[in-house]
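Visitor: Handing over coords.pdb, PDB, C-alpha atoms.
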ATOM      1  CA  MET W   1      21.059  -1.382 -15.061
ATOM      2  CA  SER W   2      23.571  -3.805 -13.504
ATOM      3  CA  ALA W   3      22.862  -6.013 -10.501
ATOM      4  CA  GLU W   4      25.425  -3.988  -8.519
ATOM      5  CA  GLU W   5      23.597  -0.727  -9.319
ATOM      6  CA  ILE W   6      20.286  -2.270  -8.269
ATOM      7  CA  ASN W   7      21.811  -3.450  -4.975
ATOM      8  CA  ASN W   8      23.217   0.022  -4.323
ATOM      9  CA  LEU W   9      19.812   1.563  -4.986
ATOM     10  CA  ILE W  10      18.204  -0.796  -2.498
ATOM     11  CA  ILE W  11      20.773   0.043   0.168
ATOM     12  CA  LEU W  12      20.419   3.781  -0.508
ATOM     13  CA  LYS W  13      16.646   3.751  -0.240
ATOM     14  CA  GLN W  14      16.689   1.626   2.894
ATOM     15  CA  ARG W  15      19.092   4.029   4.588
ATOM     16  CA  GLU W  16      16.966   6.999   3.593
ATOM     17  CA  LEU W  17      13.855   5.365   5.035
ATOM     18  CA  GLU W  18      15.619   4.581   8.318
ATOM     19  CA  GLU W  19      16.853   8.157   8.631
ATOM     20  CA  ASN W  20      13.402   9.550   7.876
ATOM     21  CA  PHE W  21      11.731   7.455  10.590
ATOM     22  CA  ALA W  22      13.125   9.455  13.503
ATOM     23  CA  GLY W  23      12.312  12.811  11.897
ATOM     24  CA  ASP W  24       8.766  11.784  11.011
ATOM     25  CA  VAL W  25       8.122  10.463  14.522
ATOM     26  CA  ARG W  26       9.375  13.751  16.006
ATOM     27  CA  ALA W  27       7.133  15.782  13.683
ATOM     28  CA  GLY W  28       4.098  13.585  14.232
ATOM     29  CA  LEU W  29       4.287  13.451  18.028
ATOM     30  CA  SER W  30       4.974  17.209  18.216
ATOM     31  CA  ALA W  31       1.859  18.098  16.204
ATOM     32  CA  GLU W  32      -1.286  19.487  17.832
ATOM     33  CA  HIS W  33      -3.151  16.373  16.671
ATOM     34  CA  LYS W  34      -0.528  13.664  17.056
ATOM     35  CA  TYR W  35       0.079  11.129  14.293
ATOM     36  CA  ILE W  36       2.545   8.547  13.019
ATOM     37  CA  PRO W  37       2.674   8.078   9.207
ATOM     38  CA  SER W  38       1.134   4.749   8.221
ATOM     39  CA  LYS W  39       4.068   3.904   5.936
ATOM     40  CA  TYR W  40       5.984   2.897   9.080
ATOM     41  CA  PHE W  41       3.643  -0.017   9.782
ATOM     42  CA  TYR W  42       5.729  -2.238   7.536
ATOM     43  CA  ASP W  43       8.855  -3.358   9.325
ATOM     44  CA  GLU W  44       9.432  -7.130   9.432
ATOM     45  CA  GLU W  45       6.903  -7.706  12.246
ATOM     46  CA  GLY W  46       4.389  -5.279  10.750
ATOM     47  CA  SER W  47       4.585  -7.053   7.391
ATOM     48  CA  ARG W  48       4.030 -10.399   9.138
ATOM     49  CA  LEU W  49       0.997  -9.047  11.003
ATOM     50  CA  PHE W  50      -0.481  -7.580   7.836
ATOM     51  CA  GLU W  51      -0.195 -10.967   6.143
ATOM     52  CA  GLU W  52      -2.163 -12.336   9.116
ATOM     53  CA  ILE W  53      -4.760  -9.562   8.730
ATOM     54  CA  MET W  54      -5.276 -10.436   5.069
ATOM     55  CA  LYS W  55      -6.296 -13.975   6.095
ATOM     56  CA  LEU W  56      -8.883 -12.846   8.665
ATOM     57  CA  PRO W  57     -12.541 -13.657   7.906
ATOM     58  CA  GLU W  58     -13.514 -10.013   8.460
ATOM     59  CA  TYR W  59     -10.889  -8.603   6.079
ATOM     60  CA  TYR W  60     -12.567  -8.805   2.674
ATOM     61  CA  PRO W  61     -10.333  -6.586   0.408
ATOM     62  CA  THR W  62      -7.630  -9.203  -0.225
ATOM     63  CA  ARG W  63     -10.098 -11.991  -1.021
ATOM     64  CA  SER W  64     -12.100  -9.653  -3.249
ATOM     65  CA  GLU W  65      -9.041  -8.551  -5.222
ATOM     66  CA  LYS W  66      -7.854 -12.140  -5.692
ATOM     67  CA  GLN W  67     -11.307 -12.990  -6.988
ATOM     68  CA  VAL W  68     -11.144 -10.113  -9.477
ATOM     69  CA  PHE W  69      -7.734 -11.256 -10.736
ATOM     70  CA  GLU W  70      -8.846 -14.869 -11.136
ATOM     71  CA  LYS W  71     -11.971 -13.869 -13.050
ATOM     72  CA  TYR W  72     -10.579 -11.117 -15.287
ATOM     73  CA  ARG W  73      -6.886 -11.974 -15.755
ATOM     74  CA  GLN W  74      -7.272 -12.679 -19.481
ATOM     75  CA  GLN W  75      -9.184  -9.448 -20.073
ATOM     76  CA  MET W  76      -6.412  -7.571 -18.292
ATOM     77  CA  LEU W  77      -3.808  -9.165 -20.556
ATOM     78  CA  ASP W  78      -5.921  -8.373 -23.625
ATOM     79  CA  TYR W  79      -5.854  -4.676 -22.749
ATOM     80  CA  ILE W  80      -2.062  -4.491 -22.457
ATOM     81  CA  GLY W  81      -1.389  -7.031 -25.228
ATOM     82  CA  GLY W  82       1.275  -9.679 -24.716
ATOM     83  CA  GLU W  83       2.888  -9.675 -28.142
ATOM     84  CA  ASN W  84       5.286  -6.784 -27.520
ATOM     85  CA  GLU W  85       7.510  -6.485 -24.468
ATOM     86  CA  PHE W  86       5.934  -4.649 -21.538
ATOM     87  CA  ASN W  87       6.931  -3.889 -17.956
ATOM     88  CA  LEU W  88       4.565  -5.025 -15.202
ATOM     89  CA  ILE W  89       5.307  -2.559 -12.383
ATOM     90  CA  ASP W  90       3.919  -3.418  -8.960
ATOM     91  CA  LEU W  91       3.773  -0.404  -6.594
ATOM     92  CA  GLY W  92       3.644  -1.611  -2.997
ATOM     93  CA  ALA W  93       4.190  -5.220  -4.039
ATOM     94  CA  GLY W  94       4.146  -6.737  -0.549
ATOM     95  CA  ASP W  95       4.288 -10.535  -0.607
ATOM     96  CA  GLY W  96       3.081 -10.573  -4.220
ATOM     97  CA  GLU W  97       0.407 -13.231  -3.632
ATOM     98  CA  LYS W  98      -2.259 -11.422  -5.646
ATOM     99  CA  THR W  99       0.162 -10.416  -8.379
ATOM    100  CA  LYS W 100       1.263 -14.045  -8.801
ATOM    101  CA  ILE W 101      -2.197 -14.787 -10.199
ATOM    102  CA  LEU W 102      -1.407 -12.452 -13.092
ATOM    103  CA  LEU W 103       2.231 -13.500 -13.369
ATOM    104  CA  ARG W 104       1.368 -17.184 -13.753
ATOM    105  CA  HIS W 105      -1.356 -16.478 -16.286
ATOM    106  CA  PHE W 106       0.783 -14.091 -18.321
ATOM    107  CA  MET W 107       3.598 -16.649 -18.440
ATOM    108  CA  GLU W 108       1.191 -19.448 -19.404
ATOM    109  CA  GLN W 109      -0.025 -17.256 -22.266
ATOM    110  CA  LYS W 110       3.613 -16.655 -23.275
ATOM    111  CA  ALA W 111       3.269 -12.897 -22.904
ATOM    112  CA  SER W 112       6.488 -10.936 -23.385
ATOM    113  CA  PHE W 113       7.034  -8.988 -20.168
ATOM    114  CA  HIS W 114       9.220  -8.471 -17.135
ATOM    115  CA  TYR W 115       8.207  -7.754 -13.559
ATOM    116  CA  THR W 116       9.295  -4.829 -11.366
ATOM    117  CA  PRO W 117       8.065  -5.109  -7.753
ATOM    118  CA  ILE W 118       8.507  -1.923  -5.701
ATOM    119  CA  ASP W 119       8.025  -1.722  -1.938
ATOM    120  CA  ILE W 120       9.074   0.294   1.094
ATOM    121  CA  SER W 121      10.189  -2.901   2.909
ATOM    122  CA  LYS W 122      13.445  -4.546   1.814
ATOM    123  CA  ASP W 123      12.657  -7.533   4.034
ATOM    124  CA  ILE W 124       9.427  -8.329   2.249
ATOM    125  CA  LEU W 125      10.978  -7.778  -1.190
ATOM    126  CA  ASP W 126      13.757 -10.231  -0.299
ATOM    127  CA  LEU W 127      11.094 -12.805   0.589
ATOM    128  CA  LEU W 128       9.191 -12.106  -2.616
ATOM    129  CA  LEU W 129      12.291 -12.478  -4.804
ATOM    130  CA  ASP W 130      13.176 -15.769  -3.108
ATOM    131  CA  ALA W 131       9.636 -17.049  -3.654
ATOM    132  CA  LEU W 132       9.608 -16.007  -7.311
ATOM    133  CA  LYS W 133      12.976 -17.639  -7.903
ATOM    134  CA  ASN W 134      11.554 -20.931  -6.590
ATOM    135  CA  GLU W 135       8.077 -20.697  -8.110
ATOM    136  CA  MET W 136       8.773 -18.976 -11.441
ATOM    137  CA  PRO W 137      12.488 -19.276 -12.207
ATOM    138  CA  GLN W 138      11.984 -18.120 -15.829
ATOM    139  CA  LEU W 139      10.395 -14.813 -14.783
ATOM    140  CA  LYS W 140      12.497 -11.729 -15.552
ATOM    141  CA  THR W 141      12.449  -9.597 -12.398
ATOM    142  CA  GLN W 142      14.024  -6.448 -10.955
ATOM    143  CA  ALA W 143      13.092  -5.146  -7.489
ATOM    144  CA  VAL W 144      13.335  -1.642  -6.037
ATOM    145  CA  VAL W 145      13.067  -0.522  -2.409
ATOM    146  CA  ALA W 146      11.428   2.902  -2.505
ATOM    147  CA  GLU W 147       8.548   5.075  -1.416
ATOM    148  CA  TYR W 148       5.903   5.754  -4.040
ATOM    149  CA  PHE W 149       7.267   9.091  -5.247
ATOM    150  CA  ASP W 150      10.813   7.726  -5.445
ATOM    151  CA  ALA W 151       9.381   4.767  -7.345
ATOM    152  CA  LEU W 152       7.653   7.048  -9.835
ATOM    153  CA  GLN W 153      10.958   8.769 -10.539
ATOM    154  CA  TRP W 154      12.624   5.385 -10.933
ATOM    155  CA  ILE W 155       9.937   4.378 -13.436
ATOM    156  CA  ASN W 156      10.564   7.572 -15.383
ATOM    157  CA  ASP W 157      14.349   7.144 -15.428
ATOM    158  CA  HIS W 158      14.771   3.407 -15.962
ATOM    159  CA  THR W 159      11.916   1.980 -18.042
ATOM    160  CA  LYS W 160      11.287   2.488 -21.740
ATOM    161  CA  GLU W 161       8.830  -0.313 -22.631
ATOM    162  CA  ARG W 162       5.084   0.056 -22.442
ATOM    163  CA  LYS W 163       3.933  -0.244 -18.850
ATOM    164  CA  LEU W 164       1.124  -1.823 -16.898
ATOM    165  CA  VAL W 165       1.332  -0.345 -13.392
ATOM    166  CA  LEU W 166      -0.406  -2.162 -10.529
ATOM    167  CA  PHE W 167      -1.455  -0.077  -7.542
ATOM    168  CA  MET W 168      -3.508  -2.541  -5.540
ATOM    169  CA  GLY W 169      -4.882  -3.239  -2.103
ATOM    170  CA  GLY W 170      -6.903  -0.039  -1.873
ATOM    171  CA  ASN W 171      -3.660   1.868  -1.206
ATOM    172  CA  ILE W 172      -4.943   4.994  -2.947
ATOM    173  CA  GLY W 173      -7.356   5.208  -0.012
ATOM    174  CA  ASN W 174      -4.402   5.975   2.273
ATOM    175  CA  PHE W 175      -4.133   9.411   0.639
ATOM    176  CA  GLU W 176      -6.327  12.362   1.543
ATOM    177  CA  LYS W 177      -8.541  12.884  -1.489
ATOM    178  CA  VAL W 178      -6.792  16.037  -2.682
ATOM    179  CA  ASP W 179      -3.427  14.282  -2.252
ATOM    180  CA  ALA W 180      -4.738  11.259  -4.152
ATOM    181  CA  VAL W 181      -5.408  13.483  -7.168
ATOM    182  CA  GLY W 182      -1.919  14.998  -6.928
ATOM    183  CA  PHE W 183      -0.260  11.600  -6.600
ATOM    184  CA  LEU W 184      -2.165  10.185  -9.575
ATOM    185  CA  ARG W 185      -1.429  13.268 -11.677
ATOM    186  CA  GLN W 186       2.256  12.781 -10.992
ATOM    187  CA  MET W 187       1.945   9.133 -11.960
ATOM    188  CA  HIS W 188       0.159  10.168 -15.158
ATOM    189  CA  ASP W 189       2.954  12.621 -15.977
ATOM    190  CA  VAL W 190       5.786  10.072 -15.676
ATOM    191  CA  LEU W 191       3.970   7.422 -17.722
ATOM    192  CA  GLU W 192       3.834   7.421 -21.502
ATOM    193  CA  ASN W 193       0.828   7.685 -23.776
ATOM    194  CA  ASP W 194      -1.219   4.444 -23.774
ATOM    195  CA  ASP W 195       0.463   3.053 -20.632
ATOM    196  CA  LEU W 196      -2.074   1.458 -18.283
ATOM    197  CA  LEU W 197      -2.749   1.742 -14.562
ATOM    198  CA  LEU W 198      -4.697  -0.989 -12.765
ATOM    199  CA  ILE W 199      -5.775   0.545  -9.475
ATOM    200  CA  GLY W 200      -7.484  -1.391  -6.678
ATOM    201  CA  ILE W 201     -10.052   0.663  -4.757
ATOM    202  CA  ASP W 202     -12.281  -0.290  -1.837
ATOM    203  CA  LEU W 203     -15.917   0.660  -2.392
ATOM    204  CA  LYS W 204     -18.396   2.281  -0.028
ATOM    205  CA  LYS W 205     -20.647  -0.368   1.514
ATOM    206  CA  ASP W 206     -22.335  -1.445   4.751
ATOM    207  CA  PRO W 207     -20.493   0.628   7.403
ATOM    208  CA  PHE W 208     -20.502  -2.257   9.883
ATOM    209  CA  LYS W 209     -18.740  -4.536   7.399
ATOM    210  CA  ILE W 210     -16.021  -1.902   6.989
ATOM    211  CA  ILE W 211     -15.609  -1.409  10.746
ATOM    212  CA  ARG W 212     -15.274  -5.160  11.317
ATOM    213  CA  ALA W 213     -12.478  -5.268   8.736
ATOM    214  CA  TYR W 214     -10.493  -2.655  10.703
ATOM    215  CA  ALA W 215     -11.374  -3.818  14.225
ATOM    216  CA  ASP W 216     -11.318  -7.597  13.946
ATOM    217  CA  SER W 217     -12.475 -10.000  16.637
ATOM    218  CA  GLN W 218      -8.986 -11.477  17.099
ATOM    219  CA  ASP W 219      -7.376  -8.040  17.655
ATOM    220  CA  VAL W 220      -4.746  -8.662  14.979
ATOM    221  CA  THR W 221      -5.322  -5.155  13.597
ATOM    222  CA  ALA W 222      -4.806  -3.788  17.098
ATOM    223  CA  LYS W 223      -1.456  -5.618  17.315
ATOM    224  CA  PHE W 224      -0.575  -4.212  13.886
ATOM    225  CA  ASN W 225      -1.104  -0.703  15.283
ATOM    226  CA  TYR W 226       0.670  -1.410  18.592
ATOM    227  CA  ASN W 227       3.673  -2.551  16.573
ATOM    228  CA  LEU W 228       4.249   1.100  15.595
ATOM    229  CA  LEU W 229       4.930   1.830  19.264
ATOM    230  CA  ASN W 230       7.092  -1.280  19.577
ATOM    231  CA  ARG W 231       9.066  -0.124  16.567
ATOM    232  CA  ILE W 232       9.700   3.280  18.181
ATOM    233  CA  ASN W 233      10.794   1.493  21.366
ATOM    234  CA  ASN W 234      13.123  -0.903  19.530
ATOM    235  CA  GLU W 235      14.618   1.421  16.909
ATOM    236  CA  LEU W 236      14.513   4.824  18.592
ATOM    237  CA  GLY W 237      14.809   3.929  22.264
ATOM    238  CA  GLY W 238      11.254   4.850  23.233
ATOM    239  CA  ASP W 239       9.586   3.803  26.472
ATOM    240  CA  PHE W 240       5.973   3.346  25.343
ATOM    241  CA  ASP W 241       4.116   0.991  27.713
ATOM    242  CA  LEU W 242       1.610  -0.809  25.484
ATOM    243  CA  GLN W 243      -0.634  -1.636  28.441
ATOM    244  CA  HIS W 244      -1.592   2.052  28.546
ATOM    245  CA  TRP W 245      -2.766   2.251  24.926
ATOM    246  CA  GLU W 246      -5.875   1.080  23.095
ATOM    247  CA  HIS W 247      -6.613   0.719  19.388
ATOM    248  CA  TYR W 248      -9.746   2.426  18.029
ATOM    249  CA  ALA W 249     -11.190   2.409  14.500
ATOM    250  CA  SER W 250     -13.988   4.561  13.054
ATOM    251  CA  TYR W 251     -15.792   5.006   9.728
ATOM    252  CA  ASP W 252     -17.519   8.088   8.301
ATOM    253  CA  PRO W 253     -20.040   6.997   5.615
ATOM    254  CA  HIS W 254     -20.268  10.543   4.226
ATOM    255  CA  SER W 255     -16.577  11.057   3.425
ATOM    256  CA  GLY W 256     -15.834   7.351   3.102
ATOM    257  CA  ALA W 257     -12.923   7.670   5.552
ATOM    258  CA  THR W 258     -11.932   4.818   7.853
ATOM    259  CA  LYS W 259      -9.579   6.110  10.546
ATOM    260  CA  SER W 260      -7.415   4.255  13.047
ATOM    261  CA  PHE W 261      -6.038   5.647  16.304
ATOM    262  CA  LEU W 262      -4.006   4.640  19.322
ATOM    263  CA  ILE W 263      -5.629   6.094  22.460
ATOM    264  CA  SER W 264      -3.660   6.950  25.592
ATOM    265  CA  LEU W 265      -5.573   5.387  28.510
ATOM    266  CA  LYS W 266      -4.045   7.755  31.064
ATOM    267  CA  GLU W 267      -2.015  10.939  31.313
ATOM    268  CA  GLN W 268       1.573   9.933  30.633
ATOM    269  CA  ASP W 269       4.983  11.034  29.376
ATOM    270  CA  VAL W 270       6.994   9.013  26.855
ATOM    271  CA  TYR W 271      10.723   9.536  26.391
ATOM    272  CA  ILE W 272      12.389   8.702  23.060
ATOM    273  CA  ASP W 273      16.153   8.483  23.432
ATOM    274  CA  ALA W 274      17.052   8.932  19.735
ATOM    275  CA  LEU W 275      15.111  12.210  19.745
ATOM    276  CA  LYS W 276      16.333  13.308  23.209
ATOM    277  CA  ASN W 277      12.785  14.402  23.859
ATOM    278  CA  THR W 278       9.827  13.627  26.118
ATOM    279  CA  PHE W 279       6.314  13.693  24.664
ATOM    280  CA  HIS W 280       3.306  14.348  26.890
ATOM    281  CA  PHE W 281      -0.058  12.667  26.376
ATOM    282  CA  ASP W 282      -3.266  13.645  28.135
ATOM    283  CA  ALA W 283      -5.658  10.926  29.204
ATOM    284  CA  PHE W 284      -7.551   9.703  26.099
ATOM    285  CA  GLU W 285      -5.428  11.749  23.728
ATOM    286  CA  ALA W 286      -5.086  10.017  20.357
ATOM    287  CA  ILE W 287      -2.289   9.233  17.920
ATOM    288  CA  HIS W 288      -3.705   8.969  14.408
ATOM    289  CA  THR W 289      -2.105   6.006  12.614
ATOM    290  CA  GLU W 290      -4.037   5.464   9.385
ATOM    291  CA  PHE W 291      -6.941   6.501   7.219
ATOM    292  CA  SER W 292      -8.412   4.554   4.316
ATOM    293  CA  TYR W 293     -10.923   6.233   2.023
ATOM    294  CA  LYS W 294     -13.682   4.252   0.321
ATOM    295  CA  TYR W 295     -15.193   5.408  -2.999
ATOM    296  CA  THR W 296     -18.259   4.984  -5.182
ATOM    297  CA  LEU W 297     -17.819   4.062  -8.864
ATOM    298  CA  GLY W 298     -18.856   7.598  -9.818
ATOM    299  CA  GLU W 299     -16.210   9.063  -7.516
ATOM    300  CA  ILE W 300     -13.615   6.763  -9.080
ATOM    301  CA  ASP W 301     -14.516   7.956 -12.588
ATOM    302  CA  ALA W 302     -14.188  11.558 -11.394
ATOM    303  CA  LEU W 303     -10.822  10.766  -9.794
ATOM    304  CA  ALA W 304      -9.492   9.256 -13.035
ATOM    305  CA  LYS W 305     -10.630  12.294 -15.022
ATOM    306  CA  LYS W 306      -9.091  14.786 -12.583
ATOM    307  CA  ALA W 307      -5.775  12.929 -12.766
ATOM    308  CA  GLY W 308      -5.769  12.936 -16.585
ATOM    309  CA  PHE W 309      -6.535   9.252 -17.191
ATOM    310  CA  LYS W 310      -9.212   7.648 -19.370
ATOM    311  CA  ARG W 311     -11.088   4.988 -17.453
ATOM    312  CA  GLU W 312     -11.266   1.841 -19.569
ATOM    313  CA  LYS W 313     -12.961  -0.777 -17.395
ATOM    314  CA  HIS W 314     -14.206  -1.440 -13.863
ATOM    315  CA  PHE W 315     -13.464  -5.048 -12.856
ATOM    316  CA  LEU W 316     -15.904  -5.594 -10.000
ATOM    317  CA  ALA W 317     -15.678  -8.188  -7.236
ATOM    318  CA  GLU W 318     -18.741 -10.161  -6.206
ATOM    319  CA  ASP W 319     -21.323  -8.203  -4.189
ATOM    320  CA  ASN W 320     -19.658  -4.970  -5.403
ATOM    321  CA  LEU W 321     -17.375  -4.926  -2.377
ATOM    322  CA  TYR W 322     -14.264  -3.867  -4.272
ATOM    323  CA  VAL W 323     -13.078  -2.849  -7.728
ATOM    324  CA  ASP W 324      -9.895  -2.973  -9.777
ATOM    325  CA  SER W 325     -10.243  -0.114 -12.229
ATOM    326  CA  LEU W 326      -8.193   0.017 -15.440
ATOM    327  CA  TRP W 327      -7.109   3.475 -16.567
ATOM    328  CA  ARG W 328      -5.242   4.490 -19.722
ATOM    329  CA  VAL W 329      -2.796   7.371 -20.076
ATOM    330  CA  LYS W 330      -3.958   9.814 -22.734
ATOM    331  CA  LYS W 331      -1.676  12.761 -23.593
TER     332      LYS W 331
END
Have the structure of the file written as structure tokens, please.

Guide:
Amino acid sequence: MSAEEINNLIILKQRELEENFAGDVRAGLSAEHKYIPSKYFYDEEGSRLFEEIMKLPEYYPTRSEKQVFEKYRQQMLDYIGGENEFNLIDLGAGDGEKTKILLRHFMEQKASFHYTPIDISKDILDLLLDALKNEMPQLKTQAVVAEYFDALQWINDHTKERKLVLFMGGNIGNFEKVDAVGFLRQMHDVLENDDLLLIGIDLKKDPFKIIRAYADSQDVTAKFNYNLLNRINNELGGDFDLQHWEHYASYDPHSGATKSFLISLKEQDVYIDALKNTFHFDAFEAIHTEFSYKYTLGEIDALAKKAGFKREKHFLAEDNLYVDSLWRVKK
């Protein structure tokens, strides 16, 4: 695939995402239980705020996953084998800080591979590519702006080597459990026999520790949620007044679901110019912005089996806060 074709793909996907934003906001704010899809958190400001969240003392998942990568990076390479060329595919790559732990180690071990970061945000991929060019100029890299399902199709159409797919950060938790199975089945179907999936999953634990991670003392997570409203104001001509909204997070230990909401503090109407529509909110009506499911190890094994994978290894963080689970495609 030529550089020109890759650039065209990036432009195409970015345009599609921009066009979808207005339609998804209309659908979400017209629903009986209002919502905004969490994928729209990650504009330039949202990506910056999430980087800030990952550094917060309360937010353990990023530190836990880095710890797993530092401790088990050689075992991970042993499973994929570095002698023959493989494609390291990073779904939802973000700033790539965790992945760089593996990239550096794989290069030090002279593994034969190339790196394909995939993300919904072109801005953050541009930053990642610039960083990789400076830090690891010998690394062979292609980048794709896409949503997950578009990325899966891209994987199917454009890669032939054996694959190690990274799906980190607990992102599978952002799917309802039935949708998680469907998504992983689709991933299984586009991968080849013996390809590997390394999937990061947040584990069930002390409920108060989870709540503190999603409602931090510095209110950075609140700003991250408010930025959704700012984005509607800036890109779609909305007139949300952020003073009349409050962020709220909850956790259900039974289902393992953490949920985030924006709560209307008064009865109000919000006009969105791009939609030529006014949306009414009752006092204390909520907009659902995100959920993040936590799992037990047994539930993870069941999830792998339902999706058609063979679970190879659980790489556990200290205190069993988090796991990166390695699954193999068996057809």

Visitor: Given the choices W:Asp241, W:Arg185, W:Leu164, W:Lys133, which gets closest to Gly81 in chain W if the distance is worked out from all atoms listed in the file?

Guide: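 Once distances to Gly81 in chain W are computed over all atoms listed in the file, the minimum belongs to W:Leu164.
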
Visitor: Using the chain letters and numbers from the file, which residues does the PyMOL selection byres ((chain W and resi 278) around 10) grab, as a list in words?

Guide: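 Selected by the PyMOL selection byres ((chain W and resi 278) around 10) here: Leu29, Ser30, Gly238, Asp239, Asp269, Val270, Tyr271, Ile272, Asp273, Leu275, Lys276, Asn277, Phe279, His280 and Phe281 of chain W.
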
Visitor: Please produce a file of those selected residues containing C-alpha atoms, as a PDB file, in the coordinates of the input.

Guide:
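Full text of out23.pdb as output:
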ATOM      1  CA  LEU W  29       4.287  13.451  18.028  1.00  0.00           C
ATOM      2  CA  SER W  30       4.974  17.209  18.216  1.00  0.00           C
ATOM      3  CA  GLY W 238      11.254   4.850  23.233  1.00  0.00           C
ATOM      4  CA  ASP W 239       9.586   3.803  26.472  1.00  0.00           C
ATOM      5  CA  ASP W 269       4.983  11.034  29.376  1.00  0.00           C
ATOM      6  CA  VAL W 270       6.994   9.013  26.855  1.00  0.00           C
ATOM      7  CA  TYR W 271      10.723   9.536  26.391  1.00  0.00           C
ATOM      8  CA  ILE W 272      12.389   8.702  23.060  1.00  0.00           C
ATOM      9  CA  ASP W 273      16.153   8.483  23.432  1.00  0.00           C
ATOM     10  CA  LEU W 275      15.111  12.210  19.745  1.00  0.00           C
ATOM     11  CA  LYS W 276      16.333  13.308  23.209  1.00  0.00           C
ATOM     12  CA  ASN W 277      12.785  14.402  23.859  1.00  0.00           C
ATOM     13  CA  PHE W 279       6.314  13.693  24.664  1.00  0.00           C
ATOM     14  CA  HIS W 280       3.306  14.348  26.890  1.00  0.00           C
ATOM     15  CA  PHE W 281      -0.058  12.667  26.376  1.00  0.00           C
TER      16      PHE W 281
END

Visitor: Neighbouring residues of Ile124 in chain W were defined as those with any atom within 8 Å, considering all atoms listed in the file; residues of the same chain fewer than 2 positions away were excluded. Please report them as an MDAnalysis selection string.

Guide: chainID W and resid 44 47 94:95 119 121:122 126:128

Visitor: Can you pull out every residue within 7 Å of range 293-300 of chain W, counting all atoms listed in the file, but drop anything in the same chain fewer than 2 positions away, and send it as a PyMOL selection string?

Guide: chain W and resi 173-174+202-204+256-258+291+302-304

Visitor: If you measure from CA of Arg104 in chain W to CA of Tyr60 in chain W, what distance in Å do you get, rounded to one decimal?

Guide: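 Those two atoms sit 23.1 Å apart.
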
Visitor: I'd like to see the residues matched by the PyMOL selection byres ((chain W and resi 68) around 9) on this file, and ideally I'd get them as a list in words.

Guide: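 Applied to this file, the PyMOL selection byres ((chain W and resi 68) around 9) selects Arg63, Ser64, Glu65, Lys66, Gln67, Phe69, Glu70, Lys71, Tyr72, Arg73, Phe315, Leu316, Ala317, Glu318, Tyr322, Val323 and Asp324 of chain W.
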
Visitor: Is there a way to complete range 219-228 of chain W with N, CA, C and O atoms and then write that out as a compact mmCIF listing (two decimals), in the coordinates of the input?

Guide:
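That gives us out_0.txt:
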# COMPACT_ATOMS: atom_id res chain seq x y z
N ASP W 219 -8.26 -9.15 17.28
CA ASP W 219 -7.38 -8.04 17.66
C ASP W 219 -6.03 -8.06 16.94
O ASP W 219 -5.04 -7.48 17.41
N VAL W 220 -5.99 -8.67 15.75
CA VAL W 220 -4.75 -8.66 14.98
C VAL W 220 -4.46 -7.25 14.47
O VAL W 220 -3.31 -6.79 14.48
N THR W 221 -5.52 -6.53 14.07
CA THR W 221 -5.32 -5.16 13.60
C THR W 221 -4.83 -4.26 14.73
O THR W 221 -4.03 -3.35 14.51
N ALA W 222 -5.31 -4.53 15.94
CA ALA W 222 -4.81 -3.79 17.10
C ALA W 222 -3.31 -4.04 17.28
O ALA W 222 -2.52 -3.10 17.49
N LYS W 223 -2.88 -5.29 17.18
CA LYS W 223 -1.46 -5.62 17.32
C LYS W 223 -0.64 -4.94 16.22
O LYS W 223 0.49 -4.50 16.45
N PHE W 224 -1.22 -4.88 15.02
CA PHE W 224 -0.57 -4.21 13.89
C PHE W 224 -0.31 -2.75 14.22
O PHE W 224 0.77 -2.21 13.92
N ASN W 225 -1.28 -2.09 14.87
CA ASN W 225 -1.10 -0.70 15.28
C ASN W 225 -0.13 -0.58 16.46
O ASN W 225 0.73 0.30 16.46
N TYR W 226 -0.25 -1.46 17.45
CA TYR W 226 0.67 -1.41 18.59
C TYR W 226 2.12 -1.59 18.14
O TYR W 226 3.05 -1.07 18.78
N ASN W 227 2.31 -2.32 17.05
CA ASN W 227 3.67 -2.55 16.57
C ASN W 227 4.39 -1.26 16.20
O ASN W 227 5.62 -1.19 16.25
N LEU W 228 3.63 -0.21 15.83
CA LEU W 228 4.25 1.10 15.60
C LEU W 228 4.96 1.59 16.85
O LEU W 228 6.07 2.14 16.79
